[in-house]
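Here's model.cif, which has mmCIF, C-alpha atoms:
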data_structure
#
loop_
_atom_site.group_PDB
_atom_site.id
_atom_site.type_symbol
_atom_site.label_atom_id
_atom_site.label_comp_id
_atom_site.auth_asym_id
_atom_site.auth_seq_id
_atom_site.Cartn_x
_atom_site.Cartn_y
_atom_site.Cartn_z
ATOM 1 C CA MET A 1 -1.473 -15.212 -16.664
ATOM 2 C CA PRO A 2 -0.174 -13.568 -13.463
ATOM 3 C CA ILE A 3 -1.131 -9.940 -12.947
ATOM 4 C CA LYS A 4 1.769 -7.490 -13.220
ATOM 5 C CA VAL A 5 2.031 -5.348 -10.071
ATOM 6 C CA LEU A 6 4.221 -2.458 -8.971
ATOM 7 C CA LEU A 7 4.219 -1.801 -5.212
ATOM 8 C CA ASP A 8 4.794 1.634 -3.672
ATOM 9 C CA THR A 9 5.131 1.272 0.103
ATOM 10 C CA ASP A 10 6.174 2.905 3.377
ATOM 11 C CA ILE A 11 7.073 -0.450 4.922
ATOM 12 C CA GLY A 12 8.596 0.010 8.375
ATOM 13 C CA SER A 13 5.976 2.228 10.026
ATOM 14 C CA ASP A 14 2.645 0.372 10.398
ATOM 15 C CA ILE A 15 3.236 -3.397 10.252
ATOM 16 C CA ASP A 16 0.565 -3.938 7.589
ATOM 17 C CA ASP A 17 2.952 -3.037 4.740
ATOM 18 C CA ALA A 18 5.131 -6.040 5.558
ATOM 19 C CA VAL A 19 2.016 -8.203 5.922
ATOM 20 C CA CYS A 20 1.004 -7.017 2.452
ATOM 21 C CA LEU A 21 4.374 -7.617 0.814
ATOM 22 C CA ALA A 22 4.492 -11.178 2.172
ATOM 23 C CA TYR A 23 1.123 -11.781 0.536
ATOM 24 C CA LEU A 24 2.223 -10.391 -2.843
ATOM 25 C CA LEU A 25 5.382 -12.506 -2.823
ATOM 26 C CA ALA A 26 3.353 -15.625 -2.031
ATOM 27 C CA GLN A 27 0.465 -14.900 -4.404
ATOM 28 C CA PRO A 28 0.890 -17.191 -7.462
ATOM 29 C CA GLU A 29 -1.268 -14.850 -9.551
ATOM 30 C CA CYS A 30 1.046 -11.882 -8.869
ATOM 31 C CA HIS A 31 4.048 -10.957 -10.988
ATOM 32 C CA LEU A 32 5.725 -8.364 -8.782
ATOM 33 C CA LEU A 33 7.686 -6.177 -11.190
ATOM 34 C CA GLY A 34 9.268 -3.965 -8.568
ATOM 35 C CA ILE A 35 9.030 -2.125 -5.262
ATOM 36 C CA THR A 36 9.519 1.563 -4.503
ATOM 37 C CA THR A 37 9.665 2.959 -0.992
ATOM 38 C CA VAL A 38 8.432 6.319 0.214
ATOM 39 C CA THR A 39 8.662 8.726 3.180
ATOM 40 C CA GLY A 40 11.303 8.962 5.943
ATOM 41 C CA GLU A 41 14.354 6.676 5.716
ATOM 42 C CA PRO A 42 13.426 5.140 2.345
ATOM 43 C CA GLY A 43 16.734 3.273 2.262
ATOM 44 C CA LYS A 44 15.939 1.395 5.453
ATOM 45 C CA ARG A 45 12.471 0.685 4.117
ATOM 46 C CA ALA A 46 14.096 -0.778 0.987
ATOM 47 C CA MET A 47 16.207 -3.033 3.212
ATOM 48 C CA MET A 48 13.076 -4.277 4.972
ATOM 49 C CA ALA A 49 11.463 -5.084 1.631
ATOM 50 C CA SER A 50 14.650 -6.899 0.670
ATOM 51 C CA VAL A 51 14.343 -9.132 3.749
ATOM 52 C CA LEU A 52 11.013 -10.510 2.577
ATOM 53 C CA CYS A 53 12.153 -10.892 -1.028
ATOM 54 C CA THR A 54 15.220 -12.816 0.174
ATOM 55 C CA VAL A 55 13.143 -15.156 2.351
ATOM 56 C CA ALA A 56 10.790 -15.701 -0.596
ATOM 57 C CA GLY A 57 13.750 -16.497 -2.849
ATOM 58 C CA LYS A 58 12.805 -13.794 -5.351
ATOM 59 C CA ARG A 59 14.932 -11.085 -6.946
ATOM 60 C CA VAL A 60 12.621 -8.103 -7.147
ATOM 61 C CA PRO A 61 13.969 -4.648 -8.131
ATOM 62 C CA ILE A 62 13.769 -2.297 -5.132
ATOM 63 C CA PHE A 63 14.196 1.486 -5.367
ATOM 64 C CA PRO A 64 14.196 3.939 -2.441
ATOM 65 C CA GLY A 65 11.941 6.830 -3.397
ATOM 66 C CA CYS A 66 11.023 10.236 -2.018
ATOM 67 C CA GLU A 67 11.904 10.903 1.593
ATOM 68 C CA GLY A 68 9.771 14.001 2.147
ATOM 69 C CA PRO A 69 6.247 15.052 1.178
ATOM 70 C CA LEU A 70 5.343 17.816 -1.274
ATOM 71 C CA LEU A 71 5.133 21.308 0.291
ATOM 72 C CA VAL A 72 4.220 20.147 3.824
ATOM 73 C CA ALA A 73 6.227 19.130 6.884
ATOM 74 C CA GLN A 74 7.466 15.572 7.323
ATOM 75 C CA ARG A 75 5.399 13.654 9.884
ATOM 76 C CA GLN A 76 6.878 10.194 9.368
ATOM 77 C CA PRO A 77 10.652 10.619 9.542
ATOM 78 C CA ARG A 78 11.642 7.132 10.711
ATOM 79 C CA ALA A 79 11.166 3.486 9.770
ATOM 80 C CA GLN A 80 10.864 2.200 13.330
ATOM 81 C CA GLN A 81 10.710 -1.499 12.507
ATOM 82 C CA ALA A 82 14.099 -1.348 10.784
ATOM 83 C CA ILE A 83 15.576 -1.952 14.241
ATOM 84 C CA ALA A 84 14.947 -5.660 13.573
ATOM 85 C CA LEU A 85 16.884 -5.709 10.283
ATOM 86 C CA HIS A 86 19.985 -7.243 11.858
ATOM 87 C CA LYS A 87 18.103 -10.505 12.393
ATOM 88 C CA TRP A 88 17.647 -11.157 8.686
ATOM 89 C CA GLU A 89 19.724 -11.303 5.525
ATOM 90 C CA HIS A 90 19.051 -8.353 3.234
ATOM 91 C CA ASP A 91 20.537 -6.124 0.568
ATOM 92 C CA THR A 92 22.080 -2.874 1.743
ATOM 93 C CA SER A 93 22.783 -1.099 -1.539
ATOM 94 C CA PHE A 94 20.058 0.210 -3.833
ATOM 95 C CA PRO A 95 19.915 2.570 -6.837
ATOM 96 C CA ARG A 96 19.376 6.106 -5.565
ATOM 97 C CA GLY A 97 17.264 8.764 -7.217
ATOM 98 C CA GLN A 98 15.820 6.346 -9.769
ATOM 99 C CA ALA A 99 12.477 5.286 -8.258
ATOM 100 C CA ILE A 100 10.262 7.527 -10.389
ATOM 101 C CA ASP A 101 12.185 6.712 -13.570
ATOM 102 C CA PHE A 102 11.871 3.008 -12.756
ATOM 103 C CA LEU A 103 8.104 3.254 -12.352
ATOM 104 C CA ARG A 104 7.783 5.280 -15.534
ATOM 105 C CA GLN A 105 9.926 2.963 -17.633
ATOM 106 C CA THR A 106 8.265 -0.210 -16.320
ATOM 107 C CA ILE A 107 4.752 1.070 -17.031
ATOM 108 C CA ARG A 108 5.728 2.275 -20.500
ATOM 109 C CA GLU A 109 7.258 -1.108 -21.286
ATOM 110 C CA ASN A 110 4.014 -2.828 -20.244
ATOM 111 C CA PRO A 111 1.198 -0.555 -21.475
ATOM 112 C CA GLY A 112 -2.236 -1.516 -20.195
ATOM 113 C CA GLN A 113 -0.816 -4.400 -18.158
ATOM 114 C CA VAL A 114 0.382 -2.989 -14.825
ATOM 115 C CA ILE A 115 -1.564 -2.426 -11.635
ATOM 116 C CA LEU A 116 0.140 0.169 -9.448
ATOM 117 C CA LEU A 117 -0.555 -0.594 -5.783
ATOM 118 C CA GLY A 118 0.018 2.378 -3.469
ATOM 119 C CA ILE A 119 0.031 1.631 0.266
ATOM 120 C CA GLY A 120 1.933 4.630 1.574
ATOM 121 C CA PRO A 121 1.864 8.413 1.210
ATOM 122 C CA LEU A 122 1.293 9.194 -2.456
ATOM 123 C CA THR A 123 4.419 11.300 -3.059
ATOM 124 C CA ASN A 124 6.130 8.931 -5.513
ATOM 125 C CA ILE A 125 2.943 8.339 -7.484
ATOM 126 C CA ALA A 126 2.113 12.051 -7.649
ATOM 127 C CA LEU A 127 5.571 12.866 -9.009
ATOM 128 C CA LEU A 128 5.256 10.037 -11.543
ATOM 129 C CA PHE A 129 1.903 11.366 -12.766
ATOM 130 C CA THR A 130 3.248 14.921 -12.900
ATOM 131 C CA ILE A 131 6.461 14.101 -14.765
ATOM 132 C CA ASP A 132 4.704 11.926 -17.352
ATOM 133 C CA ARG A 133 1.030 12.810 -17.708
ATOM 134 C CA GLU A 134 0.365 9.897 -20.040
ATOM 135 C CA ILE A 135 1.235 7.321 -17.366
ATOM 136 C CA PRO A 136 -2.237 7.145 -15.728
ATOM 137 C CA SER A 137 -3.788 6.164 -19.066
ATOM 138 C CA LEU A 138 -1.127 3.473 -19.565
ATOM 139 C CA LEU A 139 -1.954 1.684 -16.312
ATOM 140 C CA ARG A 140 -4.222 -1.318 -16.130
ATOM 141 C CA GLY A 141 -5.293 0.090 -12.789
ATOM 142 C CA LEU A 142 -4.393 2.029 -9.673
ATOM 143 C CA VAL A 143 -5.243 0.481 -6.303
ATOM 144 C CA LEU A 144 -4.769 2.573 -3.165
ATOM 145 C CA MET A 145 -5.059 1.992 0.534
ATOM 146 C CA CYS A 146 -6.131 5.544 1.194
ATOM 147 C CA GLY A 147 -8.916 7.697 2.548
ATOM 148 C CA VAL A 148 -12.033 7.529 4.701
ATOM 149 C CA PHE A 149 -15.263 7.461 2.738
ATOM 150 C CA THR A 150 -18.107 6.654 5.154
ATOM 151 C CA ASN A 151 -18.989 7.216 8.804
ATOM 152 C CA ARG A 152 -19.505 3.560 9.622
ATOM 153 C CA LEU A 153 -16.549 3.332 12.025
ATOM 154 C CA PRO A 154 -16.693 6.460 14.191
ATOM 155 C CA SER A 155 -13.423 5.537 15.919
ATOM 156 C CA PHE A 156 -11.554 6.047 12.619
ATOM 157 C CA GLY A 157 -10.931 9.316 10.824
ATOM 158 C CA PRO A 158 -11.992 11.811 9.763
ATOM 159 C CA ARG A 159 -8.622 11.696 7.981
ATOM 160 C CA GLU A 160 -6.518 8.736 6.873
ATOM 161 C CA TRP A 161 -2.756 8.640 7.413
ATOM 162 C CA ASN A 162 -1.536 8.181 3.811
ATOM 163 C CA ALA A 163 -3.639 11.061 2.487
ATOM 164 C CA MET A 164 -2.864 13.263 5.490
ATOM 165 C CA LEU A 165 0.918 12.793 5.259
ATOM 166 C CA ASP A 166 1.024 14.279 1.763
ATOM 167 C CA PRO A 167 -2.300 15.912 0.873
ATOM 168 C CA ILE A 168 -0.899 17.708 -2.180
ATOM 169 C CA ALA A 169 0.274 14.389 -3.591
ATOM 170 C CA ALA A 170 -3.090 12.801 -2.799
ATOM 171 C CA ALA A 171 -4.893 15.586 -4.669
ATOM 172 C CA ILE A 172 -2.694 15.084 -7.734
ATOM 173 C CA VAL A 173 -3.261 11.331 -7.746
ATOM 174 C CA TYR A 174 -7.038 11.530 -7.309
ATOM 175 C CA ARG A 175 -7.334 14.058 -10.135
ATOM 176 C CA ALA A 176 -5.684 11.638 -12.562
ATOM 177 C CA THR A 177 -7.833 9.651 -14.983
ATOM 178 C CA VAL A 178 -7.029 5.944 -14.706
ATOM 179 C CA ASN A 179 -8.833 2.992 -16.284
ATOM 180 C CA MET A 180 -9.468 1.585 -12.809
ATOM 181 C CA HIS A 181 -8.954 4.023 -9.909
ATOM 182 C CA ARG A 182 -9.727 1.979 -6.788
ATOM 183 C CA SER A 183 -9.553 3.013 -3.107
ATOM 184 C CA VAL A 184 -9.885 0.848 -0.031
ATOM 185 C CA GLY A 185 -10.346 3.217 2.878
ATOM 186 C CA LEU A 186 -9.782 3.159 6.599
ATOM 187 C CA ASP A 187 -13.473 2.729 7.340
ATOM 188 C CA VAL A 188 -13.380 -0.658 5.563
ATOM 189 C CA THR A 189 -9.875 -1.885 6.435
ATOM 190 C CA GLY A 190 -10.504 -1.063 10.094
ATOM 191 C CA GLN A 191 -13.003 -3.910 10.178
ATOM 192 C CA VAL A 192 -10.259 -6.510 9.639
ATOM 193 C CA THR A 193 -8.059 -6.795 12.730
ATOM 194 C CA MET A 194 -6.208 -9.460 14.696
ATOM 195 C CA PRO A 195 -4.894 -9.251 18.279
ATOM 196 C CA ALA A 196 -1.184 -9.682 18.897
ATOM 197 C CA GLU A 197 -1.638 -13.043 20.613
ATOM 198 C CA GLN A 198 -3.399 -14.494 17.577
ATOM 199 C CA VAL A 199 -0.870 -12.962 15.185
ATOM 200 C CA ARG A 200 1.939 -14.762 17.033
ATOM 201 C CA ILE A 201 0.101 -18.044 16.508
ATOM 202 C CA ARG A 202 -1.024 -17.631 12.899
ATOM 203 C CA PHE A 203 2.100 -15.972 11.453
ATOM 204 C CA CYS A 204 3.916 -19.301 11.392
ATOM 205 C CA SER A 205 4.860 -19.802 7.735
ATOM 206 C CA PRO A 206 8.498 -19.117 6.759
ATOM 207 C CA LEU A 207 7.541 -16.002 4.780
ATOM 208 C CA LEU A 208 5.761 -14.509 7.794
ATOM 209 C CA LEU A 209 8.556 -15.103 10.314
ATOM 210 C CA PRO A 210 10.426 -11.870 9.466
ATOM 211 C CA VAL A 211 7.082 -10.065 9.468
ATOM 212 C CA LEU A 212 6.539 -11.352 12.997
ATOM 213 C CA ASP A 213 9.946 -9.983 14.044
ATOM 214 C CA PHE A 214 9.017 -6.585 12.609
ATOM 215 C CA ALA A 215 5.626 -6.894 14.303
ATOM 216 C CA GLU A 216 7.229 -7.267 17.726
ATOM 217 C CA VAL A 217 8.498 -3.698 17.303
ATOM 218 C CA TRP A 218 4.963 -2.627 16.362
ATOM 219 C CA PHE A 219 3.520 -4.454 19.397
ATOM 220 C CA LYS A 220 5.542 -2.324 21.800
ATOM 221 C CA GLU A 221 2.984 0.438 21.197
ATOM 222 C CA ASN A 222 0.048 -1.448 19.619
ATOM 223 C CA ASP A 223 -1.803 -4.608 20.586
ATOM 224 C CA ILE A 224 -3.433 -5.434 17.233
ATOM 225 C CA VAL A 225 -2.661 -5.731 13.545
ATOM 226 C CA THR A 226 -5.118 -4.076 11.178
ATOM 227 C CA PHE A 227 -4.960 -5.537 7.671
ATOM 228 C CA HIS A 228 -5.188 -2.190 5.855
ATOM 229 C CA ASP A 229 -2.717 -2.796 3.030
ATOM 230 C CA PRO A 230 -3.107 -6.553 2.460
ATOM 231 C CA LEU A 231 -6.857 -6.032 2.130
ATOM 232 C CA ALA A 232 -6.297 -3.515 -0.667
ATOM 233 C CA ALA A 233 -3.855 -5.914 -2.336
ATOM 234 C CA ALA A 234 -6.195 -8.896 -2.068
ATOM 235 C CA THR A 235 -8.929 -7.067 -3.988
ATOM 236 C CA ILE A 236 -6.687 -7.259 -7.055
ATOM 237 C CA PHE A 237 -6.931 -11.046 -7.051
ATOM 238 C CA ASP A 238 -10.370 -11.689 -5.520
ATOM 239 C CA ASP A 239 -13.077 -9.234 -6.545
ATOM 240 C CA GLN A 240 -15.557 -10.712 -4.055
ATOM 241 C CA ILE A 241 -13.684 -9.612 -0.919
ATOM 242 C CA CYS A 242 -14.912 -6.006 -1.083
ATOM 243 C CA LYS A 243 -17.942 -4.357 -2.602
ATOM 244 C CA PHE A 244 -17.127 -1.170 -4.545
ATOM 245 C CA GLU A 245 -19.234 1.762 -5.651
ATOM 246 C CA LYS A 246 -18.408 4.402 -8.252
ATOM 247 C CA GLY A 247 -18.138 8.048 -7.323
ATOM 248 C CA ILE A 248 -15.886 11.083 -7.242
ATOM 249 C CA VAL A 249 -13.200 11.702 -4.627
ATOM 250 C CA ASP A 250 -11.812 15.153 -3.828
ATOM 251 C CA ILE A 251 -9.020 15.935 -1.369
ATOM 252 C CA GLU A 252 -9.427 18.727 1.173
ATOM 253 C CA LEU A 253 -6.652 21.296 0.764
ATOM 254 C CA VAL A 254 -8.249 24.483 2.123
ATOM 255 C CA SER A 255 -8.834 23.711 5.788
ATOM 256 C CA SER A 256 -5.585 23.303 7.738
ATOM 257 C CA LYS A 257 -7.326 21.147 10.346
ATOM 258 C CA LEU A 258 -8.848 18.810 7.761
ATOM 259 C CA CYS A 259 -6.149 18.944 5.082
ATOM 260 C CA GLY A 260 -5.942 15.549 3.374
ATOM 261 C CA MET A 261 -9.512 14.561 4.186
ATOM 262 C CA THR A 262 -11.168 12.576 1.404
ATOM 263 C CA HIS A 263 -14.564 13.866 0.263
ATOM 264 C CA TRP A 264 -16.506 11.242 -1.677
ATOM 265 C CA ALA A 265 -19.784 11.539 -3.562
ATOM 266 C CA PRO A 266 -21.457 8.496 -5.180
ATOM 267 C CA ASN A 267 -21.915 8.868 -8.926
ATOM 268 C CA GLU A 268 -22.636 5.741 -10.971
ATOM 269 C CA VAL A 269 -22.739 7.674 -14.266
ATOM 270 C CA ASP A 270 -19.684 9.929 -14.192
ATOM 271 C CA GLY A 271 -17.778 8.504 -11.229
ATOM 272 C CA ARG A 272 -14.132 7.844 -12.000
ATOM 273 C CA HIS A 273 -13.226 6.410 -8.595
ATOM 274 C CA ASP A 274 -14.202 2.990 -7.233
ATOM 275 C CA VAL A 275 -14.514 3.123 -3.442
ATOM 276 C CA ALA A 276 -14.810 0.086 -1.173
ATOM 277 C CA LEU A 277 -17.944 0.206 0.967
ATOM 278 C CA GLN A 278 -18.148 -3.312 2.392
ATOM 279 C CA VAL A 279 -15.728 -6.131 3.224
ATOM 280 C CA ASP A 280 -16.211 -9.853 3.728
ATOM 281 C CA ARG A 281 -13.820 -10.223 6.658
ATOM 282 C CA ASP A 282 -13.912 -14.014 6.836
ATOM 283 C CA ARG A 283 -13.387 -14.398 3.098
ATOM 284 C CA PHE A 284 -10.377 -12.082 3.239
ATOM 285 C CA LEU A 285 -8.694 -13.850 6.156
ATOM 286 C CA GLU A 286 -9.241 -17.272 4.598
ATOM 287 C CA HIS A 287 -7.858 -15.961 1.301
ATOM 288 C CA TYR A 288 -4.839 -14.282 2.895
ATOM 289 C CA PHE A 289 -3.656 -17.220 4.981
ATOM 290 C CA SER A 290 -4.325 -19.785 2.268
ATOM 291 C CA VAL A 291 -1.955 -17.820 0.035
ATOM 292 C CA VAL A 292 0.874 -17.149 2.494
ATOM 293 C CA HIS A 293 0.731 -20.573 4.142
ATOM 294 C CA GLY A 294 0.606 -22.298 0.765
ATOM 295 C CA TYR A 295 3.803 -20.668 -0.495
ATOM 296 C CA GLY A 296 7.001 -22.643 -0.954
#
Could the structure of this file be written out as structure tokens, please?
Amino acid sequence: MPIKVLLDTDIGSDIDDAVCLAYLLAQPECHLLGITTVTGEPGKRAMMASVLCTVAGKRVPIFPGCEGPLLVAQRQPRAQQAIALHKWEHDTSFPRGQAIDFLRQTIRENPGQVILLGIGPLTNIALLFTIDREIPSLLRGLVLMCGVFTNRLPSFGPREWNAMLDPIAAAIVYRATVNMHRSVGLDVTGQVTMPAEQVRIRFCSPLLLPVLDFAEVWFKENDIVTFHDPLAAATIFDDQICKFEKGIVDIELVSSKLCGMTHWAPNEVDGRHDVALQVDRDRFLEHYFSVVHGYG
């Protein structure tokens, strides 16, 4: 049976969120129950998600979520790629103020069945876990693109964007006890990249055409795509793409300069967090494009 997934995303900033959503919509083993958006201009981010759902021919509930982080200043106020929205059909009206209730109700209606995939700042998820403290135990699993856990890629870190944007939320989420609490960090996702020229060639399936339009906005300031979020998503459906190790993750909240940094200690006995340490890059890319190019 398809795996039930809820996606929480800041689509519209880094292009990888759109790359990830295209994969989930194409993945035959994924039953996407709904999408919530987070951080600045969540309504525009919802519209961008709607573009991909429309192209895929799927009616997926979409709810704009929290616009600002908990107790810290907003550092991601705009959804820059929304400038390309006019090129594609999309919904423009969404339920407001209902994202957390939607997540809560959906998980409670499907106890032990839902994987919550968080690929943006963790504000929505932290509020969900705070409002209903039983929710973490009702999840089948929590999969996050978040954190930096090793020093293998010195050009990345020491902090990761999603954790840094809302460190209070990150701390709340990592303190929760979930049946499967999985993190794919920047030090692993940073190993899976593709230059803009190759992206323009390989993003040729109908579902990736709007992603390519959004990517052209991204390419004005960046010359590569890093598959942060789709890599995290793919681990839900292929457990051989990444190698995980158990341990304990704590979020730095004391140091202002390092606030949001993820501290990880291996612990096979009492570890409640599964952290990705290695990635099979070729396996992931073959898996990703076989799914998105095989859709429709």
| Written as a PyMOL selection string, what is the full residue list that the PyMOL selection byres ((chain A and resi 84) around 12) yields on the file shown? | chain A and resi 12+44-45+47-48+51+79-83+85-90+209-218
| request: Name the closest residue to Leu139 in chain A among the candidates A:Pro69, A:Val225, A:Val114, A:Tyr23; distances are taken between atoms, counting all atoms listed in the file. | output: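 Closest to Leu139 in chain A, using all atoms listed in the file: A:Val114.
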| Nearest residue to Phe227 in chain A from the set A:Gln198, A:Ser205, A:Asn151, A:Thr189 (distances using only C-alpha atoms) |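 Of A:Gln198, A:Ser205, A:Asn151, A:Thr189, the one nearest Phe227 in chain A is A:Thr189, counting only C-alpha atoms.
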| Residue members of the PyMOL selection byres ((chain A and resi 95-100) around 6) in the file shown, as a PyMOL selection string | chain A and resi 63+65+94+101-103+128
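When only C-alpha atoms are used to measure the gap to Ala232 in chain A, the shortest distance among A:Ile15, A:Val291, A:Leu144, A:Leu21 belongs to A:Leu144.
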| query | What residues come out when you apply the PyMOL selection byres ((chain A and resi 174) around 9) to this file, written as a list in words? | reply |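 In the shown coordinates, the PyMOL selection byres ((chain A and resi 174) around 9) covers Ala169, Ala170, Ala171, Ile172, Val173, Arg175, Ala176, Thr177, His181, Ile248, Val249, Asp250, Ile251 and His273 of chain A.
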| request: Compute the distance from (-15.0, -1.4, 3.1) to each atom, counting all atoms listed in the file, keep the residues with any atom at most 10 Å away, and return them as a ChimeraX atom specification; use the coordinates of the file. | output: /A:148-150,152,183-192,231-232,241-244,275-281
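For the residues A:Gly34, A:Pro230, A:Pro154, A:Pro121, ranking by smallest atom-to-atom distance to Phe284 in chain A using only C-alpha atoms places A:Pro230 first.
Coordinates place CA of Cys66 in chain A at a distance of 19.7 Å from CA of Val5 in chain A.
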| note | Using only C-alpha atoms, the shortest atom-to-atom distance to Thr226 in chain A among A:Cys30, A:Met180, A:Cys20, A:Cys53 belongs to A:Cys20
| request: Have a look at CA of Ala265 in chain A and CA of Asp14 in chain A and let me know their distance in Å, one decimal. | output: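 Distance reported for this atom pair: 28.7 Å.
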| query | Using only C-alpha atoms, which residue out of A:Val292, A:Ile168, A:Leu7, A:Leu208 lies closest to Gly120 in chain A? | reply |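 Between A:Val292, A:Ile168, A:Leu7, A:Leu208, the residue approaching Gly120 in chain A most closely is A:Leu7.
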| Interatomic distance between CA of Trp161 in chain A and CA of Leu142 in chain A? |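 Those two atoms sit 18.4 Å apart.
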Against range 254-258 of chain A, which residues of range 88-159 of chain A fall within 12 Å? For each one I want the closest pair of atoms and the distance in Å (one decimal), counting all atoms listed in the file, rows by chain and increasing residue number, as a Markdown table.
| residue | atom | partner | partner_atom | distance |
| --- | --- | --- | --- | --- |
| A:Gly157 | CA | A:Leu258 | CA | 10.2 |
| A:Pro158 | CA | A:Leu258 | CA | 7.9 |
| A:Arg159 | CA | A:Leu258 | CA | 7.1 |
